[in-house]
Every structure is written in C-alpha cells, then in structure tokens.
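**Q** Pasting a structure below so you can have a look.
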Amino acid sequence: SDNLSSTFDIYTKLNLAITIFIFTLILVKSRTTKPSFKFLKENFKFPQYTLPATILSSALTYSLPVIIPVLFGPVTAGYFAVTQRFGFFPVSLMAQSVSGVFRREIISTLNSNNGNLLNTYKSHAKLLSAVALCYLVFGNLLFGILIKILLGNNWSEAITFFHIMSPLYALQIIYIPLSQVFISTNNQKTDLFIQALI
C-alpha cells in the first residue's frame with residue numbers, strides 16, 4: 001500500500017511539473033503574437049460549437065466509468081472496466097487512425113478544383129459502416145471467448161456489458177471519423193447537434 005501511494009505521488013508530481021513547464025512555454029512563446037479581433041471573429045465557432053461537442057464526446061466515453069462504480073459498486077465497475085479496455089480499445093484505435101486520413105482527404109478535395117466532397121464522404125461512410133458491422137458481429141461472437149481465455153469464467157459479466165455497449169462502439173467507429181467533415185467544412189453546429197443526440 002505504501003509503495004502504491006508513493007508511486008501515485010511520484011506520478012502526480014511528475015505530471016504537475018510537465019504541465020507547469022508546457023504552460024510556461026506556451027506563455028513565453030505567445031508573447032510575440034497577440035490575438036486580434038479578426039482572429040476571434042473568424043474562430044468564434046470553436047467555443048460556440050466545437051468545444052461543447054468535444055465535451056459531449058468525452059462525457060460519452062469517460063462518464064460511464066465514473067458513474068457505474070457510484071451506482072453499482074466497485075465489483076461491477078471492474079467488469080465494466082474490462083469491457084472498456086478490451087472492447088473500446090480497437091474502436092478508439094480505428095477511429096483516431098481513420099480520422100486523420102479522412103481529414104487530409106477532405107481538405108485535399110476542398111482545395112482541388114474538380115474534387116467531389118460528397119463522393120469522398122460516401123466512400124468513407126460505406127467503408128466505415130462495413131467495418132462497424134464486422135466489429136458488431138465478430139465482436140459479439142469472439143469477445144466472450146477472448147475474456148474467458150485471458151481472465152477466466154469469473155469475468156462473464158464483462159461479456160454482458162460488451163453485448164450492451166457494442167452498438168454504441170460500432171456507432172463511434174462510423175461517426176468519429178465522419179465528424180471530421182463538419183470541422184473541415186466549417187459546419188460545427190451540425191457536429192454539436194449530432195453529439196447531443198448520441
């Protein structure tokens with residue numbers, strides 16, 4: 001217990017030191033440039049739409065691990081944590097990887113004279129929908145086997161959690177990358193609306 005406590009203290013102090021260093025660096029570097037009214041006017045959609053949409057997206061991902069132990073106790077929280085670690089990890093990896101590629105393709109399409117944004121969007125939407133469907137089918141078939149091999153039969157409640165959460169995971173495989181189109185086309189209001197619905 002003492003070792004765990006000291007490890008946590010070291011981790012906390014290290015993070016605090018790095019945060020202070022980066023914050024100081026940002027302040028020093030930002031002295032040379034002053035934000036103008038024009039800049040604030042052009043980027044007003046960020047605090048108005050993008051920031052709330054990002055908070056909603058984070059709440060969707062991170063609120064359940066906080067709420068579940070409060071409502072159902074630490075044992076149930078452990079089962080849910082296993083579901084999140086093994087079930088959401090491939091979703092997060094795929095979504096973040098495809099997001100970067102899709103964002104570059106959108107910008108390239110917007111900058112080209114003969115680019116067709118709708119075709120780019122449709123091709124990615126079809127691919128992501130197919131990937132999400134495969135994840136939904138094979139995930140529900142194989143997740144239980146994986147958990148039993150890795151952790152044993154005592155963790156079967158985590159499998160139930162996965163069956164419940166898998167449609168949401170599949171939806172995130174589709175939506176997280178496709179939401180890049182709203183940011184790239186300066187249509188953040190739609191992104192906020194969809195995030196609120198999800």
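How things are named: the first chain in the structure tokens is A, the next is B, and so on; residues count from 1 in each chain; ligands count from 1 in the order shown.
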When you look at Thr83 in chain A with a cut-off of 8 Å (counting only C-alpha atoms), what residues show up, excluding the ones that are within fewer than 2 positions of it in the same chain? I need them as a ChimeraX atom specification.
**A** /A:79-81,85-88,158-159,161-162
**Q** If you count only C-alpha atoms, which residues fall within 8 Å of Ala77 in chain A, apart from same-chain ones fewer than 4 positions away, as a list in words?
**A**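 Counting only C-alpha atoms, the residues come to Pro65, Ile68, Pro69, Phe72, Gly73 and Ala81 of chain A.
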**Q** Let me see the file: selected residues, N, CA, C and O atoms, as a CSV table (one decimal), in the first residue's frame.
**A**
```
chain,number,residue,atom,x,y,z
A,65,PRO,N,-17.4,5.2,-16.8
A,65,PRO,CA,-16.5,4.6,-15.8
A,65,PRO,C,-16.6,5.3,-14.4
A,65,PRO,O,-16.2,4.7,-13.4
A,68,ILE,N,-20.7,4.3,-13.0
A,68,ILE,CA,-21.0,2.9,-12.7
A,68,ILE,C,-20.6,2.5,-11.3
A,68,ILE,O,-21.3,1.9,-10.6
A,69,PRO,N,-19.3,2.8,-10.9
A,69,PRO,CA,-18.9,2.5,-9.5
A,69,PRO,C,-19.8,3.1,-8.5
A,69,PRO,O,-20.0,2.6,-7.4
A,72,PHE,N,-23.3,1.2,-8.8
A,72,PHE,CA,-23.4,-0.2,-8.7
A,72,PHE,C,-22.3,-0.9,-7.9
A,72,PHE,O,-22.2,-2.1,-7.8
A,73,GLY,N,-21.3,-0.1,-7.5
A,73,GLY,CA,-20.2,-0.6,-6.6
A,73,GLY,C,-19.0,-1.0,-7.4
A,73,GLY,O,-19.0,-1.0,-8.7
A,81,ALA,N,-14.9,-2.0,-16.6
A,81,ALA,CA,-13.6,-1.5,-16.9
A,81,ALA,C,-12.9,-2.5,-17.9
A,81,ALA,O,-12.3,-2.1,-18.9
```
**Q** With distances taken over only C-alpha atoms, which residue among A:Leu51, A:Leu64, A:Leu178, A:Val70 lies nearest Glu105 in chain A?
**A**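 Using only C-alpha atoms, Glu105 in chain A sits closest to A:Leu178.
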**Q** Given the choices A:Ile10, A:Ile26, A:Ile106, A:Leu142, which gets closest to Ser179 in chain A if the distance is worked out from only C-alpha atoms?
**A**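 Closest residue, counting only C-alpha atoms: A:Ile106.
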**Q** Using only C-alpha atoms, can you tell me which of A:Trp155, A:Tyr49, A:Tyr135, A:Phe143 comes closest to Pro167 in chain A?
**A**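 Among the listed residues, A:Tyr135 lies closest to Pro167 in chain A.
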**Q** Would you please give, as a PyMOL selection string, all residues of range 42-105 of chain A that DSSP assigns to alpha helix (DSSP H) based on the backbone?
**A** chain A and resi 42+45+51-72+74-83+89-105
**Q** Between CA of Leu151 in chain A and CA of Leu93 in chain A, what is the distance in Å, rounded to a tenth?
**A**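 Computed distance, CA of Leu151 in chain A to CA of Leu93 in chain A, equals 22.5 Å.
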**Q** Identify which of the residues A:Gln84, A:Leu127, A:Gln180, A:Ser63 lies closest to Val101 in chain A, counting only C-alpha atoms when measuring atom-to-atom distances.
**A**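 With only C-alpha atoms as the atom set, the closest residue is A:Gln180.
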**Q** Please determine, counting only C-alpha atoms, which residue among A:Leu60, A:Ile22, A:Leu16, A:Val131 has the shortest atom-to-atom distance to Ala196 in chain A.
**A**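 Of A:Leu60, A:Ile22, A:Leu16, A:Val131, the one nearest Ala196 in chain A, counting only C-alpha atoms, is A:Leu60.
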**Q** What does the structure give for the distance between CA of Thr12 in chain A and CA of Phe89 in chain A, in Å to one decimal?
**A**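 Distance between the two atoms: 24.6 Å.
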**Q** Rank A:Gln195, A:Ser184, A:Thr19, A:Asn140 by their smallest atom-to-atom distance to Tyr121 in chain A, using only C-alpha atoms, and report the top residue only.
**A** A:Ser184
